[in-house]
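In what follows, a structure is listed as structure tokens, so that the remarks can point back to it.
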Amino acid sequence: MPELVLAATKDLPQSAEEVFALFGARSGASWLFDVQCDSLRPGTPVTLTLPHGSLGETPVHLLGRIRRVVPNKLVEIVHDQPWPGLLQIRIRAHRTGGSSVSIVGHVDDRALRWVMQRRGWPLSTPCTGHTHRIGLLTSKIGSAAVYAIATEYLAQLAVEEINADGGIGGRPIELIVGDDGTDPGRAALEARRLLAAGCRAVIASVTSASFAAIEPIVAGAGRPLIHSVVNEGGAGPELVLRWGERPLHQVRTAAHAVMKNAGGRRWYLLGNDYQWPHGAHRAATRVLTAAGCEITRNRFVPIGTEDFAPLLEDIERSGADCVLSTLIGADEVAFERQAWEGGYRQRWETLSLVLDESTRERVGDAAARGIWTTFGYFEELDTPENRDLVARYRERYGEWAPPLSSLSESVYEAVLLYAAAARREPDPSGIAQALRAARGRMPRGNVAAQGPHAMRQDMYLARAVDGGFAIMTG
Amino acid sequence: MIPEQEAFDALADPTRRAILDLLATHDELPAGEIADRIGHVGRTAVSSHLRILRKSGLITERREGRYRYLSLQPDGPMRAAAAFLQGLLDSALPSPLPSGTEPVVGSNGDATSGTAAEEDNRQTA
């Protein structure tokens, strides 16, 4: 993709040291889109907030990480959401005592297309008929953008592998990407756009709220729809596959170990207010009450909640030994950071059902340490297929690419399984059957479609440690 | 506002977006036919919208005799998006005021003072 380079420069009366010190400083004078990061070290995640209202009502955050720092001279940031790019910030000291700052931004047409799409430009991508188009619906802004950060990269990797192996029916796969912005209304618009662009199937890495909005649209158009990420399941038409980890399986895997560490059986359930957390809390209540636990409270907050102080006080008042969190992405990051900053971390054990690698690193090593989670996949997982995938991912996207997690890796697997099914059943009427018989040896291990909607997979219990997760064995 | 950035304001109107959607599926259309197809507004209003869209570089006009044919400007939106990103980058530079105690203009245009208390609420998403 052709690269676009943009630059901005300014002379300032402040010295180079003063300007550098302001970078990421928690004071009103912070610049570079109010950049927030815990430290100025390579690998540290950063969040940049675009000026309010510049691209609609939803706040737009650039999510990335520090790549290089030369104190008082240079900071480089690579970013992935909502579009990939590189920012190079150079500070030059003047002999007179002031300095000049230049910011150079490198983007490609993914940035331009996202901006245009966000502003409502009718992006028509005429179908040439020479490719087999599949749609990926993911979240590039909003709370879910945190855990969806590597999704498009993994999907693209899968597409390249299949195309290197002849594509589907002699045609290369072409990936068309949509962004729901963690909003069901926008998800519906994007689903329509993907279908209008000729996508033969849609793989969704979005919240269950968005999924519910697109299900009638995609299935109604006679196209397979695969929900590859963690979800609560549920009945639906035969073209709808819900392959992600189920909350019942997650909670069953973790409950005993968490309670043993807590030394108590009183649970506080807290999640975002939409279908998946509600389903997860119902499942958790079943498992926990059968194990003789007491559910002290069951609370739901809107997606996009930032202030958890009142809830943290409520958890403490309730005397809970364990907290089950079904908060997602940026909301989970805010909750766990505030729990730690408020000194609550030691007061209860936390089981978080969507604390993936990307969410954990944004919570930060210190604040996340000890939080429990369970998934069918971790970047750490030591299967030959996963060692191979991680190596290929790093080779393709570099050492500064975001971590893999069950959420993004599930899309890689979904693309492979879809391609296998489409190769077996070139006739679209047979694809639903083929998908319901999907099976394979994947980076997360052996998977097999189970029943009309679910995917059987192993589940792993893990605890957050510095730099990642320790997977519990036995 | 630089001309390319007007393009984004042009997109804010639903009738103009409807016109763009229409042109996206046709190579070009005569102005009269656009007015016919956008049924819910009168011809004068459609004319006015077409003028705004032309001025913002999103559509282009070809005259043949007494007919005007409108079509999407292929690189208009890309240029508008690039100009938008350039504007963002310009706004990312530090302000020349001293840090900390003095009022500074925050990212949403409100005056804020950089006190420690405010910063307790900020977190990395």
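Residue numbering restarts at 1 in every chain; chains get A, B, ... in the order shown in the structure tokens, and ligands count up from 1 in that same order.
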
**Request:** Tell me, as a ChimeraX atom specification, which residues lie within 10 Å of Met78 (chain B), counting only C-alpha atoms; anything in the same chain fewer than 3 positions away does not count.
**Result:** /A:109,111-113,115-116 /B:4,58,73-75,81-84

Wanna dump the chain A-chain B contacts at 8 Å for me, each residue with its shortest atom pair and the distance in Å to one decimal, counting only C-alpha atoms, ordered by chain and number, as a Markdown table?
| residue | atom | partner | partner_atom | distance |
| --- | --- | --- | --- | --- |
| A:Leu6 | CA | B:Gln86 | CA | 6.1 |
| A:Ala7 | CA | B:Leu89 | CA | 7.2 |
| A:Ala8 | CA | B:Asp90 | CA | 5.4 |
| A:Thr9 | CA | B:Leu93 | CA | 7.4 |
| A:Lys10 | CA | B:Leu93 | CA | 7.0 |
| A:Leu12 | CA | B:Pro96 | CA | 5.4 |
| A:Pro13 | CA | B:Pro96 | CA | 6.5 |
| A:Gln14 | CA | B:Pro96 | CA | 7.3 |
| A:Val19 | CA | B:Pro94 | CA | 7.8 |
| A:Leu22 | CA | B:Ser99 | CA | 7.4 |
| A:Arg26 | CA | B:Glu119 | CA | 5.9 |
| A:Ser27 | CA | B:Gly114 | CA | 4.7 |
| A:Gly28 | CA | B:Gly114 | CA | 4.0 |
| A:Ala29 | CA | B:Ser99 | CA | 5.3 |
| A:Ser30 | CA | B:Pro94 | CA | 7.4 |
| A:Trp31 | CA | B:Pro94 | CA | 5.0 |
| A:Leu32 | CA | B:Ala92 | CA | 4.4 |
| A:Phe33 | CA | B:Ala92 | CA | 5.5 |
| A:Asp34 | CA | B:Ser107 | CA | 7.4 |
| A:Gln36 | CA | B:Thr124 | CA | 5.6 |
| A:Cys37 | CA | B:Thr124 | CA | 6.3 |
| A:Asp38 | CA | B:Thr124 | CA | 7.8 |
| A:Val46 | CA | B:Thr124 | CA | 7.0 |
| A:Thr47 | CA | B:Thr124 | CA | 6.0 |
| A:Leu50 | CA | B:Ser107 | CA | 7.7 |
| A:Pro51 | CA | B:Ser107 | CA | 5.2 |
| A:His52 | CA | B:Asn108 | CA | 5.3 |
| A:Val101 | CA | B:Leu93 | CA | 7.3 |
| A:Ser102 | CA | B:Leu93 | CA | 7.8 |
| A:Ile103 | CA | B:Leu89 | CA | 7.3 |
| A:Gly105 | CA | B:Leu89 | CA | 7.7 |
| A:Leu112 | CA | B:Ala81 | CA | 5.4 |
| A:Arg113 | CA | B:Met78 | CA | 7.6 |
| A:Val115 | CA | B:Ala81 | CA | 6.2 |
| A:Met116 | CA | B:Ala81 | CA | 6.2 |
| A:Arg119 | CA | B:Leu11 | CA | 6.6 |
| A:Gly120 | CA | B:Leu11 | CA | 6.5 |
| A:Trp121 | CA | B:Leu11 | CA | 7.0 |
| A:Pro122 | CA | B:Asp21 | CA | 5.7 |
| A:Leu123 | CA | B:Ala24 | CA | 8.0 |
| A:Ser124 | CA | B:Ala24 | CA | 6.6 |
| A:Val146 | CA | B:Ala125 | CA | 7.6 |
| A:Asp307 | CA | B:Asn121 | CA | 7.6 |
| A:Ala330 | CA | B:Ala125 | CA | 5.0 |
| A:Asp331 | CA | B:Ala125 | CA | 7.9 |
| A:Val333 | CA | B:Ala125 | CA | 6.2 |
| A:Ala334 | CA | B:Gln123 | CA | 6.7 |
| A:Arg337 | CA | B:Gln123 | CA | 7.9 |
| A:Arg362 | CA | B:Ala125 | CA | 6.7 |
| A:Val363 | CA | B:Thr124 | CA | 7.8 |

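Ranking B:Arg37, B:Thr44, B:Arg16, B:Gly76 by their shortest atom-to-atom distance to Ser56 (chain B), with only C-alpha atoms included, puts B:Gly76 first.
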
Near Pro452 (chain A), within 12 Å and counting only C-alpha atoms, which residues show up once chain neighbours fewer than 5 positions away are dropped, as a compact mmCIF listing (two decimals) with N, CA and C atoms, in the first residue's frame?
# COMPACT_ATOMS: atom_id res chain seq x y z
N ILE A 226 -19.93 -16.00 11.25
CA ILE A 226 -19.19 -16.71 12.29
C ILE A 226 -18.80 -15.74 13.40
N GLY A 233 -23.27 -17.76 23.28
CA GLY A 233 -23.98 -18.77 22.50
C GLY A 233 -25.43 -18.38 22.29
N GLY A 234 -26.22 -19.35 21.94
CA GLY A 234 -27.64 -19.09 21.71
C GLY A 234 -28.09 -19.68 20.39
N ALA A 235 -29.34 -20.06 20.35
CA ALA A 235 -29.89 -20.68 19.14
C ALA A 235 -29.97 -19.67 18.02
N GLY A 236 -30.00 -20.16 16.80
CA GLY A 236 -30.08 -19.26 15.66
C GLY A 236 -30.18 -20.03 14.36
N PRO A 237 -30.30 -19.32 13.24
CA PRO A 237 -30.40 -20.00 11.94
C PRO A 237 -29.14 -20.79 11.64
N GLU A 238 -29.24 -21.75 10.69
CA GLU A 238 -28.12 -22.67 10.50
C GLU A 238 -26.89 -22.00 9.90
N LEU A 239 -27.03 -20.83 9.31
CA LEU A 239 -25.88 -20.13 8.76
C LEU A 239 -25.10 -19.36 9.82
N VAL A 240 -25.59 -19.38 11.06
CA VAL A 240 -24.95 -18.61 12.12
C VAL A 240 -24.14 -19.56 13.01
N LEU A 241 -22.83 -19.35 13.07
CA LEU A 241 -21.96 -20.18 13.89
C LEU A 241 -21.40 -19.32 15.03
N ARG A 242 -21.44 -19.87 16.25
CA ARG A 242 -20.90 -19.12 17.39
C ARG A 242 -19.82 -19.98 18.04
N TRP A 243 -18.59 -19.75 17.61
CA TRP A 243 -17.49 -20.64 17.94
C TRP A 243 -16.70 -20.26 19.18
N ALA A 432 -23.17 -24.23 4.96
CA ALA A 432 -23.60 -24.26 6.36
C ALA A 432 -23.28 -25.63 6.96
N GLN A 433 -23.63 -26.69 6.21
CA GLN A 433 -23.33 -28.06 6.65
C GLN A 433 -21.85 -28.25 6.89
N ALA A 434 -21.05 -27.78 5.92
CA ALA A 434 -19.61 -27.96 6.01
C ALA A 434 -19.04 -27.23 7.23
N LEU A 435 -19.57 -26.05 7.51
CA LEU A 435 -19.08 -25.29 8.66
C LEU A 435 -19.46 -25.97 9.96
N ARG A 436 -20.62 -26.61 9.98
CA ARG A 436 -21.05 -27.28 11.21
C ARG A 436 -20.29 -28.58 11.44
N ALA A 437 -19.53 -29.01 10.41
CA ALA A 437 -18.67 -30.17 10.59
C ALA A 437 -17.21 -29.75 10.69
N ALA A 438 -16.97 -28.45 10.85
CA ALA A 438 -15.59 -27.94 10.85
C ALA A 438 -14.78 -28.56 11.97

Near region 196-200 of chain A, counting only C-alpha atoms, which residues have an atom at most 6 Å away, once you skip same-chain residues fewer than 6 positions from it, shown as a PDB file with N, CA and C atoms, in the first residue's frame?
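Dumped everything to selection15.pdb:
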ATOM      1  N   THR A 125     -16.552  -0.664  -3.172  1.00  0.00           N
ATOM      2  CA  THR A 125     -15.432  -1.500  -3.589  1.00  0.00           C
ATOM      3  C   THR A 125     -15.981  -2.499  -4.593  1.00  0.00           C
ATOM      4  N   ARG A 133     -14.446 -12.986  -1.828  1.00  0.00           N
ATOM      5  CA  ARG A 133     -14.407 -11.970  -0.770  1.00  0.00           C
ATOM      6  C   ARG A 133     -15.001 -12.493   0.519  1.00  0.00           C
ATOM      7  N   ILE A 134     -14.286 -12.247   1.610  1.00  0.00           N
ATOM      8  CA  ILE A 134     -14.877 -12.500   2.920  1.00  0.00           C
ATOM      9  C   ILE A 134     -14.771 -11.232   3.762  1.00  0.00           C
ATOM     10  N   GLY A 135     -15.761 -11.010   4.577  1.00  0.00           N
ATOM     11  CA  GLY A 135     -15.812  -9.815   5.392  1.00  0.00           C
ATOM     12  C   GLY A 135     -15.326 -10.093   6.801  1.00  0.00           C
ATOM     13  N   ARG A 223     -25.841 -15.578   3.884  1.00  0.00           N
ATOM     14  CA  ARG A 223     -24.389 -15.719   4.007  1.00  0.00           C
ATOM     15  C   ARG A 223     -24.028 -16.264   5.383  1.00  0.00           C
TER      16      ARG A 223
END

**Request:** Kindly give the distance, in Å, that separates CA of Val301 (chain A) and CA of His227 (chain A), rounded to a single decimal.
**Result:** 23.4 Å

Sorted by chain and rising residue number, which residues of region 62-84 of chain A lie within 12 Å of region 175-182 of chain A, and what are their closest atom pairs and distances in Å to one decimal, counting only C-alpha atoms, as CSV?
residue,atom,partner,partner_atom,distance
A:Gln81,CA,A:Asp179,CA,10.7
A:Pro82,CA,A:Asp179,CA,8.8
A:Trp83,CA,A:Asp179,CA,10.7

With N, CA and C atoms kept, could you save the residues just selected as a short mmCIF file (atom, residue, chain, number, x, y, z; two decimals), in the first residue's frame?
data_model
loop_
_atom_site.label_atom_id
_atom_site.label_comp_id
_atom_site.auth_asym_id
_atom_site.auth_seq_id
_atom_site.Cartn_x
_atom_site.Cartn_y
_atom_site.Cartn_z
N GLN A 81 -4.55 0.89 16.16
CA GLN A 81 -5.96 1.25 16.11
C GLN A 81 -6.09 2.77 16.06
N PRO A 82 -7.10 3.34 15.41
CA PRO A 82 -7.97 2.64 14.48
C PRO A 82 -7.31 2.32 13.15
N TRP A 83 -6.11 2.83 12.94
CA TRP A 83 -5.37 2.47 11.73
C TRP A 83 -3.90 2.34 12.09
#

**Picked from region 242-404 of chain A by DSSP as strand (DSSP E), as a list of chain:residue names** = A:Arg242, A:Arg266, A:Trp267, A:Tyr268, A:Leu269, A:Leu270, A:Gly271, A:Asn272, A:Glu294, A:Ile295, A:Thr296, A:Arg297, A:Asn298, A:Arg299, A:Phe300, A:Val301, A:Cys322, A:Val323, A:Leu324, A:Ser325, A:Thr326, A:Glu349, A:Thr350, A:Leu351, A:Ser352, A:Trp372, A:Thr373, A:Thr374, A:Phe375

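Remark: for Trp372 (chain A), the closest of the candidate residues A:Gln88, A:Ser358, A:Ser429, A:Thr253 is A:Thr253 (distances computed over only C-alpha atoms).
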
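Distance annotation: of A:Leu269, A:Ala155, A:Ile295, A:Ile91, the residue with the minimal separation from Asp11 (chain A) is A:Ile91; atom set is only C-alpha atoms.
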
**Given only C-alpha atoms as the counted atoms, nearest of A:Gly319, A:Gly468, A:Gly24, A:Pro277 to Phe300 (chain A)** = A:Pro277

**Message:** Need the shell around His61 (chain A): protein/DNA/RNA residues with any atom at most 7 Å away, counting only C-alpha atoms. Skip same-chain ones fewer than 2 positions apart. Format as a VMD selection string?
**Reply:** chain A and resid 47 to 50 59 63 141

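Here CA of Ser405 (chain A) stands at a distance of 17.6 Å from CA of Thr44 (chain A).
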
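Here CA of Arg90 (chain A) is placed at a distance of 21.1 Å from CA of Asp108 (chain A).
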
**Message:** Could you pull out the alpha helix (DSSP H) residues of region 13-114 of chain B, going by DSSP on the backbone, and write them as a PyMOL selection string?
**Reply:** chain B and resi 14-24+31-37+43-55+76-91

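Residues in contact with Leu87 (chain A) at up to 9 Å, not including ones fewer than 3 positions away on its chain and judged by only C-alpha atoms, are A:Val75, A:Glu76, A:Ile77, A:Val78, A:His79, A:Ile103, A:Val104, A:Gly105, A:His106, A:Val107.
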
Could the residues in this selection be written to a file with N, CA and C atoms, as a PDB file, in the first residue's frame?
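Contents of result_23.pdb, as written:
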ATOM      1  N   VAL A  75      11.079  10.482  20.161  1.00  0.00           N
ATOM      2  CA  VAL A  75      10.162   9.434  20.601  1.00  0.00           C
ATOM      3  C   VAL A  75       9.489   8.875  19.356  1.00  0.00           C
ATOM      4  N   GLU A  76       9.465   7.558  19.244  1.00  0.00           N
ATOM      5  CA  GLU A  76       8.761   6.925  18.122  1.00  0.00           C
ATOM      6  C   GLU A  76       7.636   6.062  18.670  1.00  0.00           C
ATOM      7  N   ILE A  77       6.477   6.199  18.056  1.00  0.00           N
ATOM      8  CA  ILE A  77       5.298   5.428  18.470  1.00  0.00           C
ATOM      9  C   ILE A  77       4.746   4.688  17.264  1.00  0.00           C
ATOM     10  N   VAL A  78       4.585   3.369  17.391  1.00  0.00           N
ATOM     11  CA  VAL A  78       3.844   2.630  16.373  1.00  0.00           C
ATOM     12  C   VAL A  78       2.417   2.470  16.898  1.00  0.00           C
ATOM     13  N   HIS A  79       1.435   2.604  16.019  1.00  0.00           N
ATOM     14  CA  HIS A  79       0.051   2.421  16.465  1.00  0.00           C
ATOM     15  C   HIS A  79      -0.709   1.511  15.517  1.00  0.00           C
ATOM     16  N   ILE A 103       6.718  16.577  14.194  1.00  0.00           N
ATOM     17  CA  ILE A 103       6.031  15.291  14.247  1.00  0.00           C
ATOM     18  C   ILE A 103       5.865  14.813  12.816  1.00  0.00           C
ATOM     19  N   VAL A 104       6.384  13.648  12.534  1.00  0.00           N
ATOM     20  CA  VAL A 104       6.205  13.060  11.210  1.00  0.00           C
ATOM     21  C   VAL A 104       5.312  11.837  11.369  1.00  0.00           C
ATOM     22  N   GLY A 105       4.235  11.782  10.603  1.00  0.00           N
ATOM     23  CA  GLY A 105       3.304  10.659  10.658  1.00  0.00           C
ATOM     24  C   GLY A 105       3.364   9.856   9.383  1.00  0.00           C
ATOM     25  N   HIS A 106       3.528   8.545   9.521  1.00  0.00           N
ATOM     26  CA  HIS A 106       3.515   7.647   8.366  1.00  0.00           C
ATOM     27  C   HIS A 106       2.240   6.827   8.437  1.00  0.00           C
ATOM     28  N   VAL A 107       1.416   6.914   7.403  1.00  0.00           N
ATOM     29  CA  VAL A 107       0.203   6.091   7.348  1.00  0.00           C
ATOM     30  C   VAL A 107       0.094   5.519   5.941  1.00  0.00           C
TER      31      VAL A 107
END

**Request:** Can you pull out every residue within 9 Å of region 392-401 of chain A, counting only C-alpha atoms, but drop anything in the same chain fewer than 5 positions away, and send it as a PyMOL selection string?
**Result:** chain A and resi 42-43+64-67+78-80+150+153-154+157+387

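The nearest approach to Ser143 (chain A) among the residues A:Gly329, A:Pro45, A:Pro384, A:Pro443, with only C-alpha atoms taken into account, belongs to A:Gly329.
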